[in-house]
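Below is data05.cif, which holds mmCIF, C-alpha atoms.
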```
data_my_file
#
loop_
_atom_site.label_atom_id
_atom_site.label_comp_id
_atom_site.auth_asym_id
_atom_site.auth_seq_id
_atom_site.Cartn_x
_atom_site.Cartn_y
_atom_site.Cartn_z
CA MET A 1 -8.41 5.68 -27.58
CA THR A 2 -11.71 7.00 -28.84
CA LEU A 3 -13.44 4.03 -27.21
CA ASP A 4 -11.82 4.85 -23.89
CA HIS A 5 -12.68 8.53 -24.14
CA ARG A 6 -16.29 8.16 -25.23
CA THR A 7 -17.44 4.88 -23.76
CA THR A 8 -16.79 2.50 -20.91
CA TYR A 9 -16.17 -0.71 -22.92
CA VAL A 10 -12.41 -0.79 -22.36
CA ASN A 11 -12.66 -0.38 -18.59
CA SER A 12 -12.47 -4.16 -18.15
CA ILE A 13 -9.22 -4.27 -20.18
CA ARG A 14 -7.90 -1.41 -18.11
CA SER A 15 -8.68 -3.09 -14.81
CA GLY A 16 -7.15 -6.32 -16.14
CA ILE A 17 -3.86 -4.59 -16.88
CA ALA A 18 -4.11 -2.68 -13.60
CA VAL A 19 -3.83 -6.00 -11.74
CA LEU A 20 -0.50 -6.53 -13.54
CA VAL A 21 0.61 -3.04 -12.60
CA TYR A 22 -0.33 -3.38 -8.92
CA PRO A 23 2.83 -5.32 -7.91
CA PHE A 24 4.95 -2.48 -9.33
CA GLN A 25 2.92 0.05 -7.41
CA TYR A 26 3.25 -2.03 -4.27
CA LEU A 27 7.01 -2.22 -4.81
CA VAL A 28 7.29 1.54 -5.26
CA ASN A 29 5.13 2.16 -2.22
CA PHE A 30 7.14 -0.29 -0.11
CA PRO A 31 9.99 2.07 1.01
CA ALA A 32 7.40 4.61 2.14
CA ASN A 33 5.63 1.89 4.13
CA VAL A 34 8.88 0.78 5.73
CA GLY A 35 9.69 4.41 6.57
CA ASP A 36 6.33 4.86 8.30
CA TRP A 37 6.74 1.62 10.19
CA ALA A 38 10.29 2.51 11.27
CA SER A 39 9.40 5.98 12.48
CA GLU A 40 6.53 4.45 14.45
CA SER A 41 8.55 1.69 16.08
CA PHE A 42 11.66 3.68 16.85
CA SER A 43 10.03 6.80 18.24
CA SER A 44 11.09 7.58 21.78
CA ARG A 45 9.01 7.03 24.89
CA LYS A 46 8.90 10.75 25.58
CA GLN A 47 7.58 11.52 22.13
CA LEU A 48 4.93 8.85 22.49
CA GLN A 49 3.83 10.31 25.81
CA GLU A 50 3.64 13.77 24.29
CA ASP A 51 1.62 12.47 21.35
CA ASN A 52 -0.65 10.63 23.74
CA SER A 53 -1.35 13.69 25.85
CA THR A 54 -2.07 15.94 22.83
CA LEU A 55 -4.36 13.30 21.37
CA ARG A 56 -6.13 12.96 24.71
CA THR A 57 -6.76 16.71 24.87
CA GLN A 58 -7.93 16.76 21.28
CA ASN A 59 -10.21 13.81 21.94
CA LEU A 60 -11.73 15.56 24.95
CA ILE A 61 -12.44 18.70 22.94
CA LEU A 62 -13.92 16.72 20.07
CA THR A 63 -16.18 14.62 22.33
CA THR A 64 -17.46 17.79 23.97
CA GLN A 65 -18.28 19.20 20.56
CA LEU A 66 -19.89 15.89 19.59
CA GLN A 67 -22.32 16.07 22.54
CA LYS A 68 -23.61 19.31 21.15
CA LEU A 69 -23.61 17.93 17.62
CA ASN A 70 -25.83 14.99 18.60
CA PHE A 71 -28.32 17.40 20.08
CA ILE A 72 -28.19 19.70 17.06
CA GLU A 73 -28.57 16.78 14.67
CA SER A 74 -31.66 15.48 16.40
CA GLU A 75 -33.06 18.99 16.54
CA ASN A 76 -32.36 19.38 12.84
CA ILE A 77 -34.16 16.11 12.01
CA HIS A 78 -37.07 17.20 14.19
CA LEU A 79 -37.33 20.59 12.47
CA ARG A 80 -37.09 18.96 9.06
CA ASN A 81 -39.89 16.63 10.07
CA LEU A 82 -41.98 19.63 11.03
CA LEU A 83 -41.27 21.18 7.64
CA GLU A 84 -42.07 17.82 5.98
CA SER A 85 -38.90 17.99 3.92
CA SER A 86 -36.73 15.00 3.14
CA LYS A 87 -34.44 13.60 5.79
CA ARG A 88 -30.72 13.47 5.26
CA VAL A 89 -29.41 9.97 5.54
CA GLY A 90 -26.31 9.33 7.60
CA GLU A 91 -23.32 8.70 5.40
CA ARG A 92 -21.27 5.53 5.47
CA ILE A 93 -17.50 5.97 5.42
CA LEU A 94 -14.46 3.76 4.92
CA ILE A 95 -10.80 4.52 5.54
CA ALA A 96 -8.39 3.89 2.66
CA GLU A 97 -4.71 4.62 2.19
CA LEU A 98 -3.04 6.48 -0.62
CA LEU A 99 -0.24 4.66 -2.40
CA SER A 100 2.77 6.91 -2.81
CA VAL A 101 3.02 6.42 -6.55
CA ASP A 102 3.50 9.08 -9.18
CA MET A 103 1.00 9.25 -11.97
CA ASP A 104 0.54 11.23 -15.14
CA PRO A 105 2.39 14.52 -14.46
CA TYR A 106 -0.22 16.52 -16.35
CA LYS A 107 -3.16 15.35 -14.25
CA GLN A 108 -4.03 15.65 -10.57
CA GLN A 109 -4.54 12.03 -9.65
CA VAL A 110 -3.87 9.62 -6.81
CA THR A 111 -4.00 5.84 -6.35
CA ILE A 112 -5.66 4.26 -3.32
CA ASN A 113 -5.25 0.77 -1.92
CA LYS A 114 -8.91 -0.28 -2.15
CA GLY A 115 -10.40 -2.03 -5.14
CA SER A 116 -13.43 -4.06 -6.08
CA LEU A 117 -11.94 -7.14 -4.39
CA SER A 118 -11.60 -5.50 -0.97
CA GLY A 119 -15.23 -6.30 -0.26
CA ASP A 120 -16.55 -2.80 0.21
CA ASP A 121 -18.77 -1.90 -2.71
CA ILE A 122 -16.86 1.15 -3.91
CA TYR A 123 -17.99 2.58 -7.24
CA PRO A 124 -16.62 4.96 -9.89
CA GLY A 125 -17.64 8.52 -9.10
CA GLN A 126 -17.54 7.95 -5.37
CA PRO A 127 -16.41 11.03 -3.40
CA PHE A 128 -13.65 10.93 -0.81
CA VAL A 129 -12.50 13.37 1.84
CA ASP A 130 -9.61 13.72 4.28
CA ALA A 131 -9.74 14.93 7.88
CA LYS A 132 -10.11 18.54 6.77
CA GLY A 133 -12.13 18.68 3.57
CA VAL A 134 -13.21 17.26 0.23
CA MET A 135 -10.41 15.75 -1.84
CA GLY A 136 -11.96 14.32 -5.00
CA ARG A 137 -13.71 11.33 -6.49
CA LEU A 138 -12.79 7.88 -7.76
CA VAL A 139 -12.55 7.39 -11.52
CA HIS A 140 -11.31 3.87 -12.24
CA ILE A 141 -11.83 0.87 -10.03
CA SER A 142 -9.70 -2.23 -10.54
CA SER A 143 -9.55 -5.35 -8.41
CA LEU A 144 -6.82 -4.30 -5.98
CA SER A 145 -6.45 -0.56 -6.35
CA SER A 146 -8.35 2.42 -7.70
CA THR A 147 -7.40 5.75 -9.17
CA ALA A 148 -9.02 8.99 -8.17
CA LEU A 149 -9.25 12.49 -9.55
CA LEU A 150 -8.52 15.37 -7.16
CA ILE A 151 -10.73 18.48 -7.06
CA THR A 152 -7.80 20.53 -8.42
CA ASP A 153 -7.63 18.66 -11.75
CA PRO A 154 -8.51 20.99 -14.63
CA SER A 155 -11.25 18.60 -15.78
CA HIS A 156 -12.92 18.49 -12.36
CA VAL A 157 -15.78 20.72 -11.28
CA LEU A 158 -17.25 20.75 -7.78
CA PRO A 159 -20.66 22.25 -6.90
CA ILE A 160 -20.22 24.47 -3.83
CA GLN A 161 -21.97 27.13 -1.81
CA VAL A 162 -20.67 29.93 0.37
CA ASN A 163 -21.15 28.78 3.95
CA ARG A 164 -21.97 32.29 5.21
CA ASN A 165 -24.95 33.03 2.96
CA GLY A 166 -25.65 29.96 0.79
CA LEU A 167 -24.58 31.61 -2.47
CA ARG A 168 -24.29 28.71 -4.95
CA ALA A 169 -21.39 28.40 -7.37
CA ILE A 170 -19.04 25.85 -8.86
CA ALA A 171 -15.34 25.39 -8.18
CA LYS A 172 -13.14 24.45 -11.12
CA GLY A 173 -9.73 22.87 -10.74
CA THR A 174 -6.79 24.75 -12.18
CA GLY A 175 -4.08 22.08 -12.30
CA SER A 176 -2.27 23.70 -9.38
CA GLN A 177 -2.67 21.93 -6.04
CA THR A 178 -3.30 25.13 -4.13
CA ARG A 179 -5.85 26.88 -6.33
CA LEU A 180 -9.46 26.45 -7.34
CA GLU A 181 -11.22 28.87 -9.64
CA ILE A 182 -14.81 30.00 -9.01
CA PRO A 183 -16.16 31.12 -12.40
CA HIS A 184 -19.39 33.01 -13.16
CA ILE A 185 -19.59 35.04 -9.97
CA PRO A 186 -21.20 38.44 -10.75
CA ASN A 187 -19.21 41.52 -9.79
CA ASN A 188 -21.74 42.54 -7.15
CA ALA A 189 -22.15 39.08 -5.54
CA ASP A 190 -21.77 38.85 -1.78
CA ILE A 191 -18.49 36.93 -1.53
CA LYS A 192 -15.46 37.98 0.48
CA VAL A 193 -11.88 36.88 0.98
CA GLY A 194 -11.85 34.31 3.79
CA ASP A 195 -15.31 32.89 3.04
CA LEU A 196 -15.61 29.17 3.62
CA LEU A 197 -16.93 27.24 0.62
CA VAL A 198 -18.75 23.99 1.41
CA THR A 199 -20.14 21.37 -0.96
CA SER A 200 -23.71 22.14 -1.96
CA GLY A 201 -24.76 18.59 -2.80
CA LEU A 202 -26.25 19.67 -6.12
CA GLY A 203 -25.47 17.12 -8.79
CA CYS A 204 -25.78 14.46 -6.08
CA VAL A 205 -22.19 13.19 -6.42
CA PHE A 206 -20.77 14.94 -3.37
CA PRO A 207 -22.59 14.90 -0.02
CA VAL A 208 -23.82 18.22 1.39
CA GLY A 209 -21.85 20.36 3.78
CA TYR A 210 -18.26 19.14 3.58
CA PRO A 211 -15.78 22.03 3.64
CA ALA A 212 -14.04 22.37 0.28
CA ALA A 213 -12.07 25.61 0.02
CA VAL A 214 -11.45 29.10 1.37
CA VAL A 215 -11.64 32.18 -0.85
CA VAL A 216 -8.18 33.76 -1.03
CA GLU A 217 -8.37 36.27 -3.85
CA ILE A 218 -11.08 38.33 -5.57
CA ASN A 219 -10.25 40.53 -8.54
CA ILE A 220 -13.08 42.75 -9.73
CA ASP A 221 -12.63 44.32 -13.14
CA PRO A 222 -15.67 46.51 -13.96
CA SER A 223 -15.15 45.94 -17.68
CA LEU A 224 -15.68 42.20 -17.32
CA PRO A 225 -19.08 40.64 -16.60
CA PHE A 226 -17.79 38.31 -13.88
CA ALA A 227 -15.38 38.68 -10.99
CA GLU A 228 -12.28 36.52 -10.85
CA VAL A 229 -12.48 34.50 -7.65
CA LEU A 230 -9.72 32.14 -6.51
CA ALA A 231 -9.94 29.74 -3.59
CA GLU A 232 -7.54 27.41 -1.81
CA PRO A 233 -8.59 23.80 -1.08
CA ILE A 234 -8.82 22.98 2.62
CA ALA A 235 -7.96 19.29 2.27
CA GLU A 236 -4.25 18.51 2.41
CA LEU A 237 -4.14 17.25 -1.16
CA ASP A 238 -0.40 16.69 -1.27
CA ARG A 239 0.15 15.55 2.31
CA SER A 240 -2.70 13.27 3.37
CA SER A 241 -1.82 9.61 3.40
CA GLU A 242 -5.16 8.38 4.73
CA ILE A 243 -8.47 9.26 3.17
CA LEU A 244 -12.13 8.55 3.88
CA LEU A 245 -14.38 7.15 1.18
CA VAL A 246 -17.93 8.42 1.58
CA TRP A 247 -21.22 6.81 0.54
CA PRO A 248 -23.56 9.80 0.30
CA GLY A 249 -26.72 7.70 -0.01
CA GLY A 250 -26.03 5.35 2.88
CA LYS A 251 -26.13 1.76 1.62
CA ALA A 252 -27.43 2.22 -1.89
CA LYS A 253 -25.18 3.07 -4.82
CA PRO A 254 -26.22 5.94 -7.06
CA ASN A 255 -27.16 5.24 -10.65
CA PRO A 256 -24.06 5.92 -12.80
CA SER A 257 -25.95 7.81 -15.50
CA ASN A 258 -27.92 9.93 -13.05
CA PRO A 259 -26.42 10.09 -9.55
CA CYS A 260 -29.58 11.65 -8.15
CA GLN A 261 -31.39 8.32 -8.50
CA LEU A 262 -30.26 5.55 -6.22
CA GLN A 263 -29.65 2.12 -7.67
CA THR A 264 -31.77 -0.27 -5.68
CA GLU A 265 -31.25 -3.99 -5.26
CA SER A 266 -34.82 -5.17 -5.81
CA PRO A 267 -37.97 -3.59 -7.23
CA ALA A 268 -39.72 -3.97 -3.84
CA GLU A 269 -37.25 -1.60 -2.24
CA ALA A 270 -37.62 0.81 -5.11
CA SER A 271 -41.33 1.20 -4.51
CA GLU A 272 -40.92 1.74 -0.77
CA PRO A 273 -40.01 5.44 -0.76
CA VAL A 274 -42.98 6.18 -2.99
CA LYS A 275 -45.34 4.57 -0.48
CA GLU A 276 -43.79 6.60 2.29
CA LYS A 277 -44.39 9.78 0.37
CA THR A 278 -48.05 9.08 -0.23
CA ALA A 279 -48.55 8.12 3.41
CA SER A 280 -47.17 11.39 4.68
CA MET B 281 16.98 -9.82 -18.55
CA ILE B 282 15.15 -7.66 -21.06
CA PHE B 283 11.98 -8.25 -19.07
CA LEU B 284 13.74 -7.35 -15.81
CA SER B 285 15.10 -4.11 -17.23
CA PHE B 286 11.56 -3.18 -18.28
CA ILE B 287 10.30 -3.83 -14.75
CA VAL B 288 13.03 -1.60 -13.31
CA ALA B 289 12.10 1.11 -15.82
CA PHE B 290 8.41 0.91 -14.85
CA VAL B 291 9.24 1.13 -11.16
CA LEU B 292 11.53 4.13 -11.77
CA SER B 293 8.80 5.86 -13.75
CA MET B 294 6.38 5.48 -10.84
CA LEU B 295 8.76 6.52 -8.07
CA PRO B 296 7.29 9.46 -6.17
CA LEU B 297 9.21 12.68 -6.82
CA PRO B 298 8.63 16.24 -5.63
CA GLN B 299 6.25 18.19 -7.87
CA LEU B 300 9.12 20.31 -9.15
CA LEU B 301 11.15 17.33 -10.37
CA GLN B 302 8.22 15.47 -11.91
CA SER B 303 8.40 17.33 -15.19
CA VAL B 304 12.13 16.65 -15.63
CA ARG B 305 11.83 12.91 -14.95
CA PRO B 306 13.44 11.05 -17.88
CA GLU B 307 11.16 8.68 -19.78
CA PHE B 308 12.77 5.51 -18.42
CA VAL B 309 10.51 3.08 -20.25
CA SER B 310 11.14 4.77 -23.59
CA ILE B 311 14.90 4.67 -23.03
CA VAL B 312 14.92 0.96 -22.24
CA LEU B 313 12.63 0.29 -25.19
CA ILE B 314 14.82 2.24 -27.61
CA TYR B 315 18.01 0.62 -26.31
CA TRP B 316 16.73 -2.92 -26.83
CA ALA B 317 15.22 -1.98 -30.18
CA ILE B 318 18.62 -0.74 -31.35
CA ALA B 319 20.67 -3.52 -29.76
CA VAL B 320 18.51 -6.58 -30.43
CA PRO B 321 15.88 -5.58 -33.01
CA ASN B 322 15.15 -9.26 -33.63
CA ARG B 323 13.83 -9.67 -30.07
CA VAL B 324 12.21 -6.33 -29.18
CA GLY B 325 9.85 -5.01 -31.80
CA VAL B 326 6.85 -2.82 -32.34
CA GLY B 327 4.57 -5.34 -30.61
CA ILE B 328 6.59 -5.23 -27.37
CA GLY B 329 6.57 -1.43 -27.61
CA TRP B 330 2.79 -1.43 -27.98
CA ILE B 331 2.26 -3.71 -24.98
CA ALA B 332 4.71 -1.69 -22.85
CA GLY B 333 2.79 1.43 -23.84
CA LEU B 334 -0.54 -0.10 -22.79
CA ILE B 335 0.89 -1.07 -19.40
CA TYR B 336 2.40 2.40 -19.04
CA ASP B 337 -0.96 4.01 -19.81
CA VAL B 338 -2.66 2.00 -17.10
CA SER B 339 0.12 2.65 -14.60
CA ILE B 340 -0.24 6.42 -14.93
CA ASP B 341 -3.98 6.19 -15.62
CA ALA B 342 -3.79 8.15 -18.86
CA LEU B 343 -6.13 7.60 -21.78
CA LEU B 344 -5.67 3.95 -22.76
CA GLY B 345 -3.62 3.69 -25.95
CA GLN B 346 -1.83 7.00 -26.23
CA HIS B 347 1.53 5.70 -25.04
CA ALA B 348 0.90 2.42 -26.85
CA LEU B 349 0.76 4.43 -30.07
CA THR B 350 3.81 6.58 -29.36
CA PHE B 351 5.93 3.70 -28.04
CA ALA B 352 5.11 1.65 -31.12
CA LEU B 353 6.06 4.65 -33.25
CA ILE B 354 9.43 5.29 -31.61
CA THR B 355 10.27 1.56 -31.58
CA TYR B 356 9.51 1.42 -35.30
CA LEU B 357 11.79 4.39 -35.97
CA ALA B 358 14.53 3.02 -33.72
CA ILE B 359 14.46 -0.34 -35.52
CA LYS B 360 14.36 1.36 -38.91
CA LEU B 361 17.46 3.39 -38.01
CA HIS B 362 19.18 0.87 -35.74
CA GLN B 363 22.19 0.22 -37.97
CA ARG B 364 22.86 3.92 -38.29
CA ILE B 365 22.33 4.74 -34.58
CA ARG B 366 24.64 1.90 -33.49
CA VAL B 367 27.70 3.49 -35.10
CA PHE B 368 26.96 7.03 -33.89
CA PRO B 369 29.16 8.48 -31.14
CA ILE B 370 27.28 8.59 -27.87
CA TRP B 371 26.44 12.30 -27.91
CA GLN B 372 24.96 11.96 -31.37
CA GLN B 373 22.90 9.04 -30.10
CA ALA B 374 21.64 11.28 -27.32
CA LEU B 375 20.64 13.83 -29.94
CA THR B 376 18.70 11.15 -31.82
CA ILE B 377 16.97 10.20 -28.58
CA PHE B 378 16.07 13.86 -28.10
CA VAL B 379 14.44 13.95 -31.52
CA LEU B 380 12.55 10.71 -30.85
CA MET B 381 11.34 12.04 -27.47
CA MET B 382 10.21 15.30 -29.06
CA LEU B 383 8.26 13.26 -31.58
CA GLN B 384 6.67 11.23 -28.79
CA GLY B 385 5.84 14.40 -26.87
CA THR B 386 4.29 15.99 -29.94
CA VAL B 387 2.00 13.02 -30.58
CA ILE B 388 0.97 12.95 -26.90
CA LEU B 389 0.33 16.69 -27.09
CA TRP B 390 -1.85 16.20 -30.17
CA ILE B 391 -3.90 13.50 -28.47
CA ARG B 392 -4.32 15.61 -25.35
CA GLY B 393 -5.14 18.64 -27.44
CA MET B 394 -7.94 16.69 -29.10
CA LEU B 395 -9.27 15.77 -25.65
CA GLY B 396 -9.12 19.40 -24.60
CA ASP B 397 -6.49 19.28 -21.85
CA ALA B 398 -3.24 20.19 -23.56
CA PRO B 399 -0.37 20.61 -21.10
CA PRO B 400 2.06 23.54 -21.49
CA LEU B 401 4.59 22.96 -24.26
CA SER B 402 7.61 23.42 -22.00
CA THR B 403 6.90 20.34 -19.85
CA PHE B 404 7.43 17.70 -22.53
CA MET B 405 10.45 19.56 -23.94
CA LEU B 406 12.01 19.44 -20.47
CA SER B 407 11.33 15.72 -20.22
CA ALA B 408 12.78 15.12 -23.71
CA PHE B 409 15.87 17.06 -22.71
CA SER B 410 16.40 15.14 -19.47
CA THR B 411 15.83 11.86 -21.31
CA ALA B 412 18.57 12.76 -23.79
CA LEU B 413 20.90 13.70 -20.91
CA PHE B 414 20.18 10.40 -19.19
CA TRP B 415 20.80 8.36 -22.34
CA PRO B 416 24.62 7.92 -21.98
CA VAL B 417 24.21 6.51 -18.45
CA ALA B 418 21.42 4.17 -19.47
CA TYR B 419 23.27 3.15 -22.63
CA LEU B 420 26.46 2.17 -20.79
CA LEU B 421 24.52 0.35 -18.06
CA LEU B 422 22.35 -1.61 -20.46
CA ARG B 423 25.32 -2.43 -22.70
CA GLN B 424 27.16 -3.89 -19.71
CA LEU B 425 24.06 -5.89 -18.91
CA ARG B 426 23.72 -7.13 -22.49
CA ARG B 427 27.38 -8.17 -22.73
CA TYR B 428 27.37 -9.84 -19.34
CA TYR B 429 24.32 -11.97 -20.12
CA GLN B 430 25.26 -12.26 -23.81
CA ILE B 431 21.89 -11.24 -25.14
CA ASN B 432 21.83 -11.02 -28.88
#
```

Spit out the file's structure as structure tokens when you get a sec.
Amino acid sequence: MTLDHRTTYVNSIRSGIAVLVYPFQYLVNFPANVGDWASESFSSRKQLQEDNSTLRTQNLILTTQLQKLNFIESENIHLRNLLESSKRVGERILIAELLSVDMDPYKQQVTINKGSLSGDDIYPGQPFVDAKGVMGRLVHISSLSSTALLITDPSHVLPIQVNRNGLRAIAKGTGSQTRLEIPHIPNNADIKVGDLLVTSGLGCVFPVGYPAAVVVEINIDPSLPFAEVLAEPIAELDRSSEILLVWPGGKAKPNPSNPCQLQTESPAEASEPVKEKTAS
Amino acid sequence: MIFLSFIVAFVLSMLPLPQLLQSVRPEFVSIVLIYWAIAVPNRVGVGIGWIAGLIYDVSIDALLGQHALTFALITYLAIKLHQRIRVFPIWQQALTIFVLMMLQGTVILWIRGMLGDAPPLSTFMLSAFSTALFWPVAYLLLRQLRRYYQIN
């Protein structure tokens, strides 16, 4: 137990047993799969047409917004070039499905259906999001499935910033799926109920700018040094069945001991960014 | 058959339940383990309990070894007391199960406390209580199974 808590030696044993456990998980997940399939195949023609038309409208709106986004992105890169600051690499994403399996009742965890054998180089510590916001990060990878920690787990901390003014803070999980706690906010800090909190990218595990939570409650007690700030996660932590795995650094995996350094395949590639820097 | 009953118990322990019901889910694997330890102590022992615990730890992604320890402990106690528990009336058996589950919960609570994420006390007491309530059902079912397949 101490080995598991302090080191990573037993991870191979764990993933070995996880392969044994996967058939059970598949079995448990099976009724949910069948339910999904049935509701898809037996839905009426009218409902399908309605779905189709709403999706079409949504698609139109999103493409219109995307036109603008392309322009803004190129403008952003251009401005960053002018300022000679580092470029932000486009992130690679992969869709995975949650298995509907219950885990440890005292932890906020989920299982996903991608593992090291699915061919996509997923790694422990990798962040994942759903359609609305940040959900959490992977903790254990086995061959066929992986387990992930949600941002609401009491042992999880997420670096965030207030979208309105860039005030940096961290969001701690509370163990409840609808609450995050923002500790160490001074009483006079500029933060209001309704503020959007986005990931700040500090710590290099989570990519910058994904929406994480909305401030719902601020209690200021003048006798205490810090205000009590509570926020609600935006991602549908208990309802999403599909998630997106994100590679913040594009192709390269971050170094497990220091996520701010990318692990590179060969020494030649490692020296490349340095050359670029000296040239500019 | 013993193996199959363990598989059913594992599947039941993973079945998705609403958040509210999760804390009152009986410990199916422990029940099956205790039953076989009482009924056929020559076939199910501390080793089986330890392995079942390891698999259980991986299936819920808890710290590897905590359930292995507690399952081995309760199997040991069940085997030690099996001749006495066998002759108890069923409600008294349920009471014994309650005590065993409280013991298991306490050890888990200690381990979690050492790691710094101790859950509220009430959750494992609820689960111990529901396990004891579920015991008569499981006992009668498993006894039918054992007599039908003549496992001894």

(request) Residues of chain B no more than 8 Å from chain A, counting only C-alpha atoms: send them over as an NGL selection string. (result) :B and (287 or 290-291 or 293-297 or 302-303 or 335 or 338-346 or 397 or 399)

Export of the given selection (C-alpha atoms) as a PDB file, in the coordinates of the input:
```pdb
ATOM      1  CA  ILE B 287      10.300  -3.830 -14.750  1.00  0.00           C
ATOM      2  CA  PHE B 290       8.410   0.910 -14.850  1.00  0.00           C
ATOM      3  CA  VAL B 291       9.240   1.130 -11.160  1.00  0.00           C
ATOM      4  CA  SER B 293       8.800   5.860 -13.750  1.00  0.00           C
ATOM      5  CA  MET B 294       6.380   5.480 -10.840  1.00  0.00           C
ATOM      6  CA  LEU B 295       8.760   6.520  -8.070  1.00  0.00           C
ATOM      7  CA  PRO B 296       7.290   9.460  -6.170  1.00  0.00           C
ATOM      8  CA  LEU B 297       9.210  12.680  -6.820  1.00  0.00           C
ATOM      9  CA  GLN B 302       8.220  15.470 -11.910  1.00  0.00           C
ATOM     10  CA  SER B 303       8.400  17.330 -15.190  1.00  0.00           C
ATOM     11  CA  ILE B 335       0.890  -1.070 -19.400  1.00  0.00           C
ATOM     12  CA  VAL B 338      -2.660   2.000 -17.100  1.00  0.00           C
ATOM     13  CA  SER B 339       0.120   2.650 -14.600  1.00  0.00           C
ATOM     14  CA  ILE B 340      -0.240   6.420 -14.930  1.00  0.00           C
ATOM     15  CA  ASP B 341      -3.980   6.190 -15.620  1.00  0.00           C
ATOM     16  CA  ALA B 342      -3.790   8.150 -18.860  1.00  0.00           C
ATOM     17  CA  LEU B 343      -6.130   7.600 -21.780  1.00  0.00           C
ATOM     18  CA  LEU B 344      -5.670   3.950 -22.760  1.00  0.00           C
ATOM     19  CA  GLY B 345      -3.620   3.690 -25.950  1.00  0.00           C
ATOM     20  CA  GLN B 346      -1.830   7.000 -26.230  1.00  0.00           C
ATOM     21  CA  ASP B 397      -6.490  19.280 -21.850  1.00  0.00           C
ATOM     22  CA  PRO B 399      -0.370  20.610 -21.100  1.00  0.00           C
TER      23      PRO B 399
END
```

(request) Excluding segment 371-374 of chain B and residues on its chain fewer than 5 positions from it, collect all residues at most 7 Å away from it, counting only C-alpha atoms, and give them as a PyMOL selection string. (result) chain B and resi 365+412-413+415-416

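Closest to Ser200 of chain A among A:Pro183, A:Pro259, A:Pro124, A:Pro159 is A:Pro159, based on only C-alpha atoms.
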
(request) Just the residues within 10 Å of Asn163 of chain A, please, counting all atoms listed in the file, with nothing from its chain fewer than 6 positions along; format it as a PyMOL selection string. (result) chain A and resi 195-200+209+211

Please produce a file of the residues just selected, as a PDB file, in the frame of the given file, where the atoms kept are C-alpha atoms.
```pdb
ATOM      1  CA  ASP A 195     -15.310  32.890   3.040  1.00  0.00           C
ATOM      2  CA  LEU A 196     -15.610  29.170   3.620  1.00  0.00           C
ATOM      3  CA  LEU A 197     -16.930  27.240   0.620  1.00  0.00           C
ATOM      4  CA  VAL A 198     -18.750  23.990   1.410  1.00  0.00           C
ATOM      5  CA  THR A 199     -20.140  21.370  -0.960  1.00  0.00           C
ATOM      6  CA  SER A 200     -23.710  22.140  -1.960  1.00  0.00           C
ATOM      7  CA  GLY A 209     -21.850  20.360   3.780  1.00  0.00           C
ATOM      8  CA  PRO A 211     -15.780  22.030   3.640  1.00  0.00           C
TER       9      PRO A 211
END
```

Evaluating the PyMOL selection byres ((chain B and resi 310-323) around 8) on the displayed file yields which residues, as a JSON list (two decimals) with C-alpha atoms, in the coordinates of the input?
```
[["chain", "number", "residue", "atom", "x", "y", "z"],
["B", 282, "ILE", "CA", 15.15, -7.66, -21.06],
["B", 285, "SER", "CA", 15.10, -4.11, -17.23],
["B", 286, "PHE", "CA", 11.56, -3.18, -18.28],
["B", 289, "ALA", "CA", 12.10, 1.11, -15.82],
["B", 307, "GLU", "CA", 11.16, 8.68, -19.78],
["B", 308, "PHE", "CA", 12.77, 5.51, -18.42],
["B", 309, "VAL", "CA", 10.51, 3.08, -20.25],
["B", 324, "VAL", "CA", 12.21, -6.33, -29.18],
["B", 325, "GLY", "CA", 9.85, -5.01, -31.80],
["B", 329, "GLY", "CA", 6.57, -1.43, -27.61],
["B", 351, "PHE", "CA", 5.93, 3.70, -28.04],
["B", 354, "ILE", "CA", 9.43, 5.29, -31.61],
["B", 355, "THR", "CA", 10.27, 1.56, -31.58],
["B", 358, "ALA", "CA", 14.53, 3.02, -33.72],
["B", 359, "ILE", "CA", 14.46, -0.34, -35.52],
["B", 361, "LEU", "CA", 17.46, 3.39, -38.01],
["B", 362, "HIS", "CA", 19.18, 0.87, -35.74],
["B", 363, "GLN", "CA", 22.19, 0.22, -37.97],
["B", 365, "ILE", "CA", 22.33, 4.74, -34.58],
["B", 366, "ARG", "CA", 24.64, 1.90, -33.49],
["B", 411, "THR", "CA", 15.83, 11.86, -21.31],
["B", 415, "TRP", "CA", 20.80, 8.36, -22.34],
["B", 418, "ALA", "CA", 21.42, 4.17, -19.47],
["B", 419, "TYR", "CA", 23.27, 3.15, -22.63],
["B", 422, "LEU", "CA", 22.35, -1.61, -20.46],
["B", 431, "ILE", "CA", 21.89, -11.24, -25.14],
["B", 432, "ASN", "CA", 21.83, -11.02, -28.88]]
```

(message) Evaluated on this file, the PyMOL selection byres ((chain A and resi 93) around 8) picks out some residues - which ones are they, written as JSON, numbers by chain?
(response) {"A": [91, 92, 94, 95, 244, 245, 246, 247]}

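Applied to this file, the PyMOL selection byres ((chain A and resi 232) around 6) selects the residues Thr178, Arg179, Leu180, Ala213, Val214, Ala231 and Pro233 of chain A.
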
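As for atom CA of Asp120 of chain A and atom CA of Gly133 of chain A, they are spaced 22.2 Å apart.
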
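For Tyr429 of chain B, the set of protein, DNA and RNA residues having any atom at most 9 Å away, when counting only C-alpha atoms and skipping those fewer than 4 positions along the same chain, is Met281, Gln424 and Leu425 of chain B.
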